[in-house]
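As stored in run_9.cif (mmCIF, C-alpha atoms):
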```cif
data_start
#
loop_
_atom_site.label_atom_id
_atom_site.label_comp_id
_atom_site.auth_asym_id
_atom_site.auth_seq_id
_atom_site.Cartn_x
_atom_site.Cartn_y
_atom_site.Cartn_z
CA MET A 805 3.15 2.28 0.06
CA GLY A 806 1.34 -0.10 -2.23
CA VAL A 807 2.76 0.58 -5.68
CA PRO A 808 5.81 2.29 -7.09
CA GLY A 809 5.35 5.78 -8.42
CA TYR A 810 6.08 5.75 -12.13
CA ARG A 811 7.77 8.63 -13.92
CA ASP A 812 5.75 10.30 -16.66
CA HIS A 813 7.86 13.31 -17.63
CA PRO A 814 9.14 13.73 -21.25
CA ALA A 815 12.41 11.93 -20.51
CA ALA A 816 10.40 8.79 -19.86
CA GLY A 817 9.57 8.25 -23.54
CA TRP A 818 11.11 5.48 -25.61
CA ASP A 819 11.30 4.45 -29.24
CA PRO A 820 10.30 0.78 -29.64
CA ALA A 821 12.31 0.61 -32.86
CA ALA A 822 15.53 1.90 -31.30
CA PRO A 823 18.30 -0.50 -30.21
CA ALA A 824 19.21 -0.93 -26.55
CA ASP A 825 21.17 2.01 -25.18
CA ALA A 826 24.74 0.75 -24.85
CA GLY A 827 25.67 3.57 -22.46
CA GLU A 828 22.76 2.79 -20.16
CA ALA A 829 23.67 -0.90 -20.32
CA GLU A 830 27.21 -0.11 -19.20
CA ASP A 831 26.01 2.13 -16.37
CA PHE A 832 23.70 -0.58 -15.06
CA LEU A 833 26.22 -3.40 -15.34
CA ARG A 834 28.90 -1.39 -13.57
CA GLN A 835 26.43 -0.61 -10.78
CA TYR A 836 25.30 -4.22 -10.57
CA HIS A 837 28.86 -5.54 -10.28
CA ALA A 838 29.85 -2.79 -7.83
CA GLU A 839 26.94 -3.60 -5.50
CA ASN A 840 27.32 -7.37 -5.98
CA PRO A 841 31.04 -8.18 -5.74
CA ASP A 842 30.37 -11.92 -6.05
CA ALA A 843 29.35 -11.31 -9.67
CA GLY A 844 33.02 -11.00 -10.55
CA PRO A 845 34.77 -8.50 -12.83
CA VAL A 846 32.53 -6.40 -15.04
CA GLU A 847 34.74 -6.02 -18.13
CA PRO A 848 34.13 -9.48 -19.65
CA ARG A 849 30.39 -9.00 -19.23
CA LEU A 850 30.54 -5.54 -20.81
CA ALA A 851 32.40 -6.90 -23.82
CA ALA A 852 29.79 -9.62 -24.32
CA VAL A 853 26.90 -7.16 -24.02
CA ARG A 854 28.44 -4.70 -26.48
CA ALA A 855 28.90 -7.50 -29.01
CA GLU A 856 25.32 -8.70 -28.51
CA ILE A 857 23.90 -5.18 -29.00
CA ASP A 858 25.99 -4.73 -32.15
CA ALA A 859 24.73 -8.03 -33.56
CA THR A 860 21.06 -7.96 -32.52
CA GLY A 861 20.19 -4.44 -31.34
CA THR A 862 19.58 -5.64 -27.80
CA TYR A 863 20.89 -8.07 -25.18
CA GLY A 864 19.56 -10.47 -22.59
CA HIS A 865 19.83 -10.10 -18.84
CA SER A 866 20.80 -12.99 -16.64
CA LEU A 867 18.32 -13.95 -13.93
CA GLU A 868 20.57 -12.33 -11.34
CA GLU A 869 20.83 -9.11 -13.35
CA ILE A 870 17.12 -8.70 -13.99
CA THR A 871 16.32 -9.58 -10.37
CA TYR A 872 18.67 -6.92 -9.04
CA GLY A 873 17.62 -4.46 -11.75
CA ALA A 874 13.98 -4.80 -10.66
CA LYS A 875 14.98 -4.15 -7.05
CA LEU A 876 16.94 -1.07 -8.10
CA ALA A 877 13.91 0.17 -10.03
CA TRP A 878 11.92 0.03 -6.80
CA ARG A 879 14.75 1.73 -4.92
CA ASN A 880 14.71 4.50 -7.53
CA ALA A 881 10.90 4.91 -7.64
CA SER A 882 10.62 8.48 -6.41
CA ARG A 883 6.87 8.36 -5.72
CA CYS A 884 6.91 5.29 -3.48
CA ILE A 885 7.09 5.75 0.28
CA GLY A 886 7.70 2.04 0.99
CA ARG A 887 11.20 1.63 -0.39
CA LEU A 888 12.73 0.53 2.91
CA TYR A 889 11.82 -3.00 1.79
CA TRP A 890 13.41 -2.90 -1.68
CA ARG A 891 15.74 -5.81 -1.04
CA SER A 892 12.81 -8.10 -0.15
CA LEU A 893 11.22 -7.89 -3.61
CA VAL A 894 10.28 -11.31 -5.03
CA VAL A 895 11.06 -11.36 -8.77
CA LEU A 896 9.28 -13.97 -10.90
CA ASP A 897 10.96 -14.62 -14.26
CA ARG A 898 8.19 -15.02 -16.84
CA ARG A 899 10.22 -14.10 -19.92
CA THR A 900 9.38 -17.33 -21.73
CA ALA A 901 5.60 -16.77 -21.57
CA ARG A 902 4.30 -15.89 -25.03
CA THR A 903 0.66 -16.87 -25.57
CA PRO A 904 -2.25 -15.03 -23.90
CA HIS A 905 -3.06 -18.08 -21.79
CA GLU A 906 0.54 -18.48 -20.62
CA ILE A 907 0.69 -14.82 -19.66
CA PHE A 908 -2.67 -14.91 -17.90
CA ALA A 909 -1.66 -18.00 -15.91
CA ALA A 910 1.50 -16.18 -14.80
CA LEU A 911 -0.51 -13.10 -13.78
CA VAL A 912 -2.81 -15.27 -11.65
CA GLN A 913 0.27 -16.84 -10.04
CA HIS A 914 1.60 -13.34 -9.36
CA LEU A 915 -1.52 -12.50 -7.36
CA GLU A 916 -1.38 -15.83 -5.53
CA VAL A 917 2.25 -15.36 -4.54
CA ALA A 918 1.70 -11.73 -3.57
CA GLY A 919 -1.42 -12.46 -1.54
CA GLY A 920 -0.24 -15.69 0.06
CA THR A 921 -3.04 -17.69 -1.54
CA GLY A 922 -3.10 -20.72 -3.82
CA ALA A 923 -0.52 -23.40 -4.49
CA GLN A 924 1.89 -20.94 -6.08
CA ALA A 925 2.23 -19.03 -2.82
CA GLY A 926 4.13 -21.85 -1.16
CA ARG A 927 2.89 -24.37 1.37
CA HIS A 928 3.85 -22.23 4.37
CA ALA A 929 2.21 -19.02 3.08
CA ARG A 930 -0.81 -17.60 4.85
CA GLY A 931 -3.49 -15.67 3.00
CA GLY A 932 -3.03 -12.00 3.74
CA ALA A 933 0.75 -12.11 4.27
CA ILE A 934 1.24 -9.71 1.37
CA ARG A 935 4.64 -9.87 -0.29
CA PRO A 936 6.14 -7.37 -2.74
CA VAL A 937 6.33 -9.17 -6.09
CA LEU A 938 7.38 -8.25 -9.63
CA SER A 939 6.72 -10.53 -12.60
CA VAL A 940 8.98 -9.76 -15.53
CA PHE A 941 7.80 -10.84 -18.98
CA ALA A 942 9.61 -10.77 -22.31
CA PRO A 943 11.52 -7.57 -23.13
CA ALA A 944 10.70 -5.46 -26.15
CA VAL A 945 12.85 -6.29 -29.19
CA PRO A 946 13.60 -3.32 -31.45
CA GLY A 947 11.07 -3.05 -34.26
CA ARG A 948 8.87 -5.94 -33.11
CA PRO A 949 5.45 -5.97 -31.40
CA TYR A 950 5.38 -6.88 -27.74
CA ALA A 951 2.98 -8.24 -25.14
CA ARG A 952 1.25 -5.93 -22.69
CA VAL A 953 -1.77 -5.64 -20.41
CA TRP A 954 -4.25 -2.82 -20.97
CA ASN A 955 -5.33 -2.65 -17.31
CA ASP A 956 -3.56 -0.14 -15.12
CA GLN A 957 -3.73 -2.58 -12.19
CA LEU A 958 -4.26 -6.33 -12.13
CA ILE A 959 -7.28 -5.84 -9.87
CA ARG A 960 -9.70 -2.98 -10.46
CA TYR A 961 -13.41 -2.57 -9.85
CA ALA A 962 -15.67 -1.71 -12.77
CA GLY A 963 -17.50 1.57 -13.13
CA HIS A 964 -20.99 1.05 -14.61
CA ARG A 965 -22.58 4.15 -16.13
CA GLN A 966 -26.30 4.28 -15.30
CA PRO A 967 -28.95 5.33 -17.86
CA GLY A 968 -30.20 8.11 -15.60
CA GLY A 969 -26.70 9.35 -14.76
CA GLY A 970 -24.22 8.38 -12.12
CA VAL A 971 -21.89 5.41 -11.88
CA VAL A 972 -22.18 2.20 -9.89
CA GLY A 973 -18.69 1.18 -8.84
CA ASP A 974 -15.48 3.08 -9.49
CA PRO A 975 -16.01 6.13 -11.72
CA ALA A 976 -12.29 6.15 -12.53
CA GLN A 977 -12.83 2.86 -14.41
CA GLU A 978 -15.90 3.95 -16.38
CA GLY A 979 -14.02 4.33 -19.67
CA PHE A 980 -12.13 1.06 -19.31
CA THR A 981 -15.33 -0.74 -18.30
CA ALA A 982 -17.07 0.52 -21.44
CA ALA A 983 -14.11 -0.66 -23.53
CA MET A 984 -14.28 -4.13 -21.99
CA GLU A 985 -18.03 -4.29 -22.65
CA LEU A 986 -17.40 -3.45 -26.31
CA LEU A 987 -15.05 -6.43 -26.38
CA GLY A 988 -17.76 -8.71 -25.00
CA TRP A 989 -17.34 -8.60 -21.23
CA LYS A 990 -20.38 -8.16 -19.00
CA GLY A 991 -20.21 -7.57 -15.27
CA ALA A 992 -22.85 -8.18 -12.63
CA GLY A 993 -23.51 -4.46 -12.24
CA THR A 994 -22.42 -4.25 -8.60
CA ALA A 995 -20.17 -1.64 -7.00
CA PHE A 996 -17.29 -4.13 -6.75
CA ASP A 997 -17.21 -6.12 -10.00
CA VAL A 998 -13.63 -7.16 -10.68
CA LEU A 999 -12.69 -6.16 -14.21
CA PRO A 1000 -11.24 -8.72 -16.64
CA LEU A 1001 -7.59 -8.63 -17.68
CA ALA A 1002 -7.10 -7.47 -21.27
CA VAL A 1003 -3.95 -9.23 -22.47
CA GLU A 1004 -2.58 -8.07 -25.82
CA THR A 1005 -0.01 -10.30 -27.54
CA PRO A 1006 1.59 -10.40 -31.00
CA GLY A 1007 -0.34 -12.71 -33.28
CA TYR A 1008 -3.33 -13.03 -30.96
CA GLY A 1009 -4.58 -9.48 -30.48
CA VAL A 1010 -6.50 -8.71 -27.30
CA THR A 1011 -7.83 -11.56 -25.17
CA LEU A 1012 -10.02 -11.03 -22.10
CA PHE A 1013 -9.71 -13.19 -19.00
CA ASP A 1014 -11.76 -13.15 -15.81
CA LEU A 1015 -9.65 -13.53 -12.70
CA PRO A 1016 -10.60 -16.60 -10.63
CA PRO A 1017 -12.09 -15.66 -7.24
CA GLY A 1018 -9.24 -17.38 -5.40
CA ALA A 1019 -6.71 -14.97 -6.92
CA VAL A 1020 -8.54 -11.86 -5.68
CA LEU A 1021 -8.01 -11.47 -1.96
CA GLU A 1022 -10.63 -9.02 -0.66
CA VAL A 1023 -11.38 -7.55 2.75
CA PRO A 1024 -14.94 -6.62 3.84
CA LEU A 1025 -14.89 -3.28 5.63
CA THR A 1026 -16.29 -2.78 9.12
CA HIS A 1027 -15.68 -0.20 11.83
CA PRO A 1028 -14.34 -0.83 15.34
CA GLU A 1029 -17.20 1.20 16.91
CA TYR A 1030 -20.06 1.73 14.46
CA ALA A 1031 -22.08 -1.37 13.56
CA TRP A 1032 -23.87 0.48 10.74
CA PHE A 1033 -20.63 0.70 8.78
CA ALA A 1034 -20.86 -2.99 7.85
CA GLU A 1035 -24.28 -2.32 6.27
CA LEU A 1036 -22.56 -0.18 3.61
CA ASN A 1037 -21.29 -3.49 2.13
CA LEU A 1038 -17.89 -2.04 1.29
CA ARG A 1039 -14.78 -4.03 0.56
CA TRP A 1040 -11.39 -3.61 -1.05
CA HIS A 1041 -8.82 -5.91 -2.59
CA ALA A 1042 -5.53 -6.53 -0.81
CA VAL A 1043 -2.91 -6.57 -3.61
CA PRO A 1044 -2.29 -3.25 -5.39
CA ALA A 1045 -0.43 -4.46 -8.50
CA ILE A 1046 0.40 -1.87 -11.17
CA ALA A 1047 0.18 -3.63 -14.55
CA ASN A 1048 0.83 -1.12 -17.34
CA GLN A 1049 4.17 0.35 -16.34
CA ARG A 1050 7.34 -0.23 -18.36
CA LEU A 1051 10.36 -1.48 -16.46
CA THR A 1052 13.64 -0.15 -17.88
CA VAL A 1053 16.84 -1.93 -16.86
CA GLY A 1054 20.18 -1.24 -18.48
CA GLY A 1055 18.73 0.14 -21.69
CA VAL A 1056 16.35 -2.81 -22.16
CA HIS A 1057 12.59 -2.20 -21.88
CA TYR A 1058 10.09 -4.61 -20.32
CA PRO A 1059 6.58 -3.38 -21.28
CA LEU A 1060 4.90 -6.04 -19.11
CA ALA A 1061 6.29 -6.09 -15.58
CA PRO A 1062 3.47 -5.95 -13.00
CA PHE A 1063 4.62 -4.99 -9.53
CA ASN A 1064 2.95 -4.78 -6.13
CA GLY A 1065 3.72 -3.86 -2.56
CA TRP A 1066 1.01 -3.75 0.08
CA TYR A 1067 -1.46 -0.99 0.82
CA MET A 1068 -0.96 2.02 3.01
CA GLY A 1069 -4.36 2.63 4.58
CA THR A 1070 -4.77 6.14 3.17
CA GLU A 1071 -4.51 4.82 -0.40
CA ILE A 1072 -7.87 3.15 0.19
CA GLY A 1073 -9.50 5.28 2.88
CA ALA A 1074 -8.35 8.76 1.82
CA ARG A 1075 -8.24 8.27 -1.96
CA ASN A 1076 -10.04 5.28 -3.49
CA LEU A 1077 -13.09 5.47 -1.24
CA ALA A 1078 -13.02 9.18 -0.44
CA ASP A 1079 -12.11 11.11 -3.61
CA ARG A 1080 -15.05 12.86 -5.26
CA ASP A 1081 -14.22 11.28 -8.61
CA ARG A 1082 -13.92 7.81 -7.05
CA TYR A 1083 -16.38 6.26 -4.57
CA ASP A 1084 -17.05 9.63 -2.89
CA LEU A 1085 -18.12 8.16 0.45
CA LEU A 1086 -17.41 11.08 2.75
CA PRO A 1087 -20.94 12.58 2.56
CA THR A 1088 -22.48 9.17 3.26
CA VAL A 1089 -20.19 8.48 6.21
CA GLY A 1090 -20.67 12.02 7.50
CA ARG A 1091 -24.46 11.71 7.50
CA LEU A 1092 -24.37 8.32 9.22
CA LEU A 1093 -22.07 9.80 11.86
CA GLY A 1094 -24.67 12.50 12.48
CA LEU A 1095 -22.30 15.31 11.52
CA ASP A 1096 -23.32 18.79 10.46
CA LEU A 1097 -22.78 18.87 6.67
CA SER A 1098 -24.16 22.38 6.23
CA ALA A 1099 -20.78 24.14 6.14
CA GLU A 1100 -17.20 23.18 5.41
CA SER A 1101 -16.16 24.99 8.61
CA THR A 1102 -17.68 22.20 10.71
CA LEU A 1103 -14.81 20.01 9.40
CA TRP A 1104 -17.25 17.21 8.76
CA ARG A 1105 -15.11 15.97 5.86
CA ASP A 1106 -12.07 15.65 8.12
CA ARG A 1107 -14.01 13.77 10.78
CA ALA A 1108 -15.62 11.43 8.24
CA LEU A 1109 -12.22 10.87 6.62
CA VAL A 1110 -10.67 9.77 9.90
CA GLU A 1111 -13.45 7.27 10.58
CA LEU A 1112 -13.30 5.89 7.04
CA ASN A 1113 -9.57 5.34 7.42
CA ARG A 1114 -10.02 3.80 10.85
CA ALA A 1115 -12.43 1.32 9.27
CA VAL A 1116 -9.92 0.36 6.57
CA LEU A 1117 -7.06 -0.26 9.00
CA HIS A 1118 -9.33 -2.06 11.48
CA SER A 1119 -10.79 -4.33 8.78
CA PHE A 1120 -7.48 -5.37 7.25
CA GLU A 1121 -5.93 -5.99 10.66
CA ARG A 1122 -8.93 -8.01 11.81
CA ALA A 1123 -8.77 -10.10 8.61
CA GLY A 1124 -5.05 -10.72 9.07
CA VAL A 1125 -4.22 -8.95 5.81
CA LYS A 1126 -1.06 -6.86 5.73
CA ILE A 1127 -1.50 -3.09 5.61
CA THR A 1128 0.36 -0.11 7.05
CA ASP A 1129 -0.66 3.28 8.40
CA HIS A 1130 0.76 6.55 7.12
CA HIS A 1131 2.48 7.55 10.37
CA THR A 1132 4.41 4.29 10.60
CA GLU A 1133 5.31 4.29 6.92
CA ALA A 1134 6.52 7.89 7.01
CA ALA A 1135 8.95 7.01 9.81
CA ARG A 1136 10.12 3.94 7.91
CA PHE A 1137 10.72 5.99 4.79
CA LEU A 1138 13.02 8.32 6.67
CA GLU A 1139 14.87 5.25 7.97
CA HIS A 1140 15.31 4.24 4.31
CA VAL A 1141 16.68 7.71 3.56
CA ARG A 1142 19.16 7.42 6.42
CA ARG A 1143 20.33 3.98 5.26
CA GLU A 1144 20.81 5.16 1.70
CA GLU A 1145 22.70 8.24 2.83
CA ARG A 1146 25.03 6.04 4.89
CA ALA A 1147 25.64 4.01 1.71
CA GLY A 1148 26.50 7.22 -0.16
CA ARG A 1149 23.40 7.14 -2.36
CA PRO A 1150 20.96 10.03 -2.84
CA VAL A 1151 17.28 9.12 -2.49
CA PRO A 1152 15.06 10.47 -5.29
CA ALA A 1153 11.66 11.45 -3.91
CA ASP A 1154 8.63 13.40 -5.10
CA TRP A 1155 7.36 15.34 -2.07
CA THR A 1156 3.81 15.50 -3.45
CA TRP A 1157 3.62 11.68 -3.43
CA ILE A 1158 5.70 10.91 -0.34
CA VAL A 1159 3.57 13.10 1.95
CA PRO A 1160 0.36 11.14 2.69
CA PRO A 1161 -3.05 12.48 1.61
CA MET A 1162 -4.22 12.66 5.22
CA SER A 1163 -2.62 14.40 8.22
CA GLY A 1164 0.47 15.11 6.15
CA GLY A 1165 1.67 17.92 8.39
CA VAL A 1166 1.94 15.64 11.42
CA THR A 1167 4.09 13.06 9.65
CA PRO A 1168 7.90 13.47 9.61
CA VAL A 1169 8.13 13.29 5.80
CA PHE A 1170 6.32 16.64 5.52
CA HIS A 1171 9.06 18.76 7.08
CA ARG A 1172 11.91 18.36 4.63
CA TYR A 1173 12.94 18.63 0.99
CA TYR A 1174 13.98 15.74 -1.21
CA HIS A 1175 16.34 15.04 -4.08
CA GLU A 1176 14.45 14.73 -7.36
CA ALA A 1177 16.04 12.81 -10.22
CA ASP A 1178 15.23 10.30 -12.96
CA GLN A 1179 17.50 7.46 -11.85
CA ARG A 1180 17.52 4.19 -13.74
CA PRO A 1181 16.58 1.36 -13.57
CA ASN A 1182 13.04 2.66 -13.07
CA PHE A 1183 9.36 2.35 -13.95
CA TYR A 1184 7.65 4.48 -16.59
CA LEU A 1185 4.10 5.04 -17.76
CA ASP A 1186 3.91 5.54 -21.52
CA ALA A 1187 1.23 7.74 -23.06
CA GLU A 1188 -0.35 4.92 -25.06
CA ALA A 1189 -0.47 2.63 -22.03
CA ALA A 1190 -2.21 5.35 -20.06
CA MET A 1191 -4.77 5.82 -22.85
CA LEU A 1192 -5.50 2.09 -23.04
CA ALA A 1193 -6.13 2.02 -19.30
CA ARG A 1194 -8.70 4.79 -19.74
CA GLY A 1195 -10.41 2.88 -22.56
CA SER A 1196 -9.42 5.65 -25.00
CA LEU A 1197 -8.08 3.41 -27.78
CA GLN A 1198 -10.67 0.64 -27.83
CA ALA A 1199 -12.06 1.71 -31.21
CA GLU A 1200 -8.65 1.37 -32.85
CA SER A 1201 -7.83 -2.06 -31.48
#
```
Would you write the structure of this file as structure tokens?
Amino acid sequence: MGVPGYRDHPAAGWDPAAPADAGEAEDFLRQYHAENPDAGPVEPRLAAVRAEIDATGTYGHSLEEITYGAKLAWRNASRCIGRLYWRSLVVLDRRTARTPHEIFAALVQHLEVAGGTGAQAGRHARGGAIRPVLSVFAPAVPGRPYARVWNDQLIRYAGHRQPGGGVVGDPAQEGFTAAMELLGWKGAGTAFDVLPLAVETPGYGVTLFDLPPGAVLEVPLTHPEYAWFAELNLRWHAVPAIANQRLTVGGVHYPLAPFNGWYMGTEIGARNLADRDRYDLLPTVGRLLGLDLSAESTLWRDRALVELNRAVLHSFERAGVKITDHHTEAARFLEHVRREERAGRPVPADWTWIVPPMSGGVTPVFHRYYHEADQRPNFYLDAEAAMLARGSLQAES
């Protein structure tokens, strides 16, 4: 449930030099006023926006508009199973932040608010009470450079290529780790080194920042039955915040708009720690369980996968850090679908992302079809942003 699924089909592209789409602006404003009657009549606002686009090529959203637009983007995110909670999104307005240090400070505050840690979380917050948060930074202005973060998530673990082959850490981050090292960063070489944030801003270029330990809420992983599991020294961070997506609201593009929910256990236990091109822990867990790894027909992978996921859920719950299991979240997603249908709204959903990567056939989301559409506001992953997150453009920057 952790992060919204971005759209990456051809329709997602945008031209940074093009003016704001007046038609899309009108569609959004009419929807905003229709769903928020207290906002008053829409026609005066439409007239003002049309005049602003004619004069400047773009227009500014009010705090109320961008807050609701961000919530709609989550509601429209077809790859996210956790949209039942879309109205609870906390939107932090960071549109005045310009310098790398201002942006970095706001990103740290995002993690503190999301994770319930630090002064920015509020005096009644408790560490681990994960909240869905979106921080919206300055929109792109046609024809001008804009601020962005190269990282695909605010918190990622480095992947250190070893001289003799193999990777210590997350192999998915090997390219980005190498790019950060070329820019001067050096990690400790462990399996869970938190990567720096690469903040790119007009006039300053790329600036690297190490996240302070207090902003990175992590959970050590243990198992409810097997004491040896703790000796693997595994852990995972608690706030899955996508950082390189573009938020599009009413024809205006926000290239820096990091957003988080909280984790569904399978995102960690059945993907991050289990995938062969990630931490690939199933063989290790299978051997320690004493399973027969000689043939796939023994289903040793399935049994190891269950225990790995049990460990994740057990550890987060024991630490008091919010997480959800795939059975519960599947039922909640269908409740979201029912609520939206009662409101007369179709629910866009990508079946391949909504069905969990473990025990999919025994969850209720498996046994139905879904409406697929590119509804805006929404989140998009641009090709260049994806390349930067892989470390593919470091030589050009």
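Counting all atoms listed in the file and comparing A:Gly970, A:Gly886, A:Pro1062, A:Gly1018, the residue that lies closest to Glu1139 in chain A is A:Gly886.
Closest approach to Val1003 in chain A among A:Thr1102, A:Thr921, A:Thr871, A:Asn1048: A:Asn1048, based on all atoms listed in the file.
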The PyMOL selection byres ((chain A and resi 900-917) around 7) - which residues does that actually catch in the file I just gave you? List them as a PDB file with C-alpha atoms, in the frame of the given file.
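The result, written out as part_19.pdb:
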```pdb
ATOM      1  CA  ARG A 898       8.190 -15.020 -16.840  1.00  0.00           C
ATOM      2  CA  ARG A 899      10.220 -14.100 -19.920  1.00  0.00           C
ATOM      3  CA  ALA A 918       1.700 -11.730  -3.570  1.00  0.00           C
ATOM      4  CA  GLY A 919      -1.420 -12.460  -1.540  1.00  0.00           C
ATOM      5  CA  GLY A 920      -0.240 -15.690   0.060  1.00  0.00           C
ATOM      6  CA  THR A 921      -3.040 -17.690  -1.540  1.00  0.00           C
ATOM      7  CA  GLY A 922      -3.100 -20.720  -3.820  1.00  0.00           C
ATOM      8  CA  GLN A 924       1.890 -20.940  -6.080  1.00  0.00           C
ATOM      9  CA  ALA A 925       2.230 -19.030  -2.820  1.00  0.00           C
ATOM     10  CA  SER A 939       6.720 -10.530 -12.600  1.00  0.00           C
ATOM     11  CA  PHE A 941       7.800 -10.840 -18.980  1.00  0.00           C
ATOM     12  CA  ALA A 942       9.610 -10.770 -22.310  1.00  0.00           C
ATOM     13  CA  VAL A1003      -3.950  -9.230 -22.470  1.00  0.00           C
ATOM     14  CA  THR A1005      -0.010 -10.300 -27.540  1.00  0.00           C
ATOM     15  CA  THR A1011      -7.830 -11.560 -25.170  1.00  0.00           C
ATOM     16  CA  ALA A1019      -6.710 -14.970  -6.920  1.00  0.00           C
TER      17      ALA A1019
END
```
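Computed from the coordinates, the CA of Ala1177 in chain A to CA of Pro1152 in chain A distance equals 5.5 Å.
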I need the output of the PyMOL selection byres ((chain A and resi 1075) around 12) for this file as a VMD selection string; which residues are they? chain A and resid 974 976 1067 to 1074 1076 to 1086 1109 1112 to 1113 1116 1160 to 1162
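Computed from the coordinates, the CA of Trp890 in chain A to CA of Trp878 in chain A distance equals 6.1 Å.
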For the file shown, report as a PyMOL selection string the outcome of the PyMOL selection byres ((chain A and resi 879) around 9) at residue level. chain A and resi 874-878+880-882+884+887-891+1151-1152+1181-1182
Pick from A:Val1166, A:Ala1123, A:Leu1092, A:Ile1046: nearest to Ala1189 in chain A, with only C-alpha atoms counted? A:Ile1046
Distance in Å - CA of Pro1024 in chain A versus CA of Thr981 in chain A: 22.9 Å
Can you pull out the residues contacting His1171 in chain A? Cut-off 10 Å, using all atoms listed in the file, and skip same-chain residues under 5 positions away; I want them as an MDAnalysis selection string. chainID A and resid 1155 1159 1164:1166
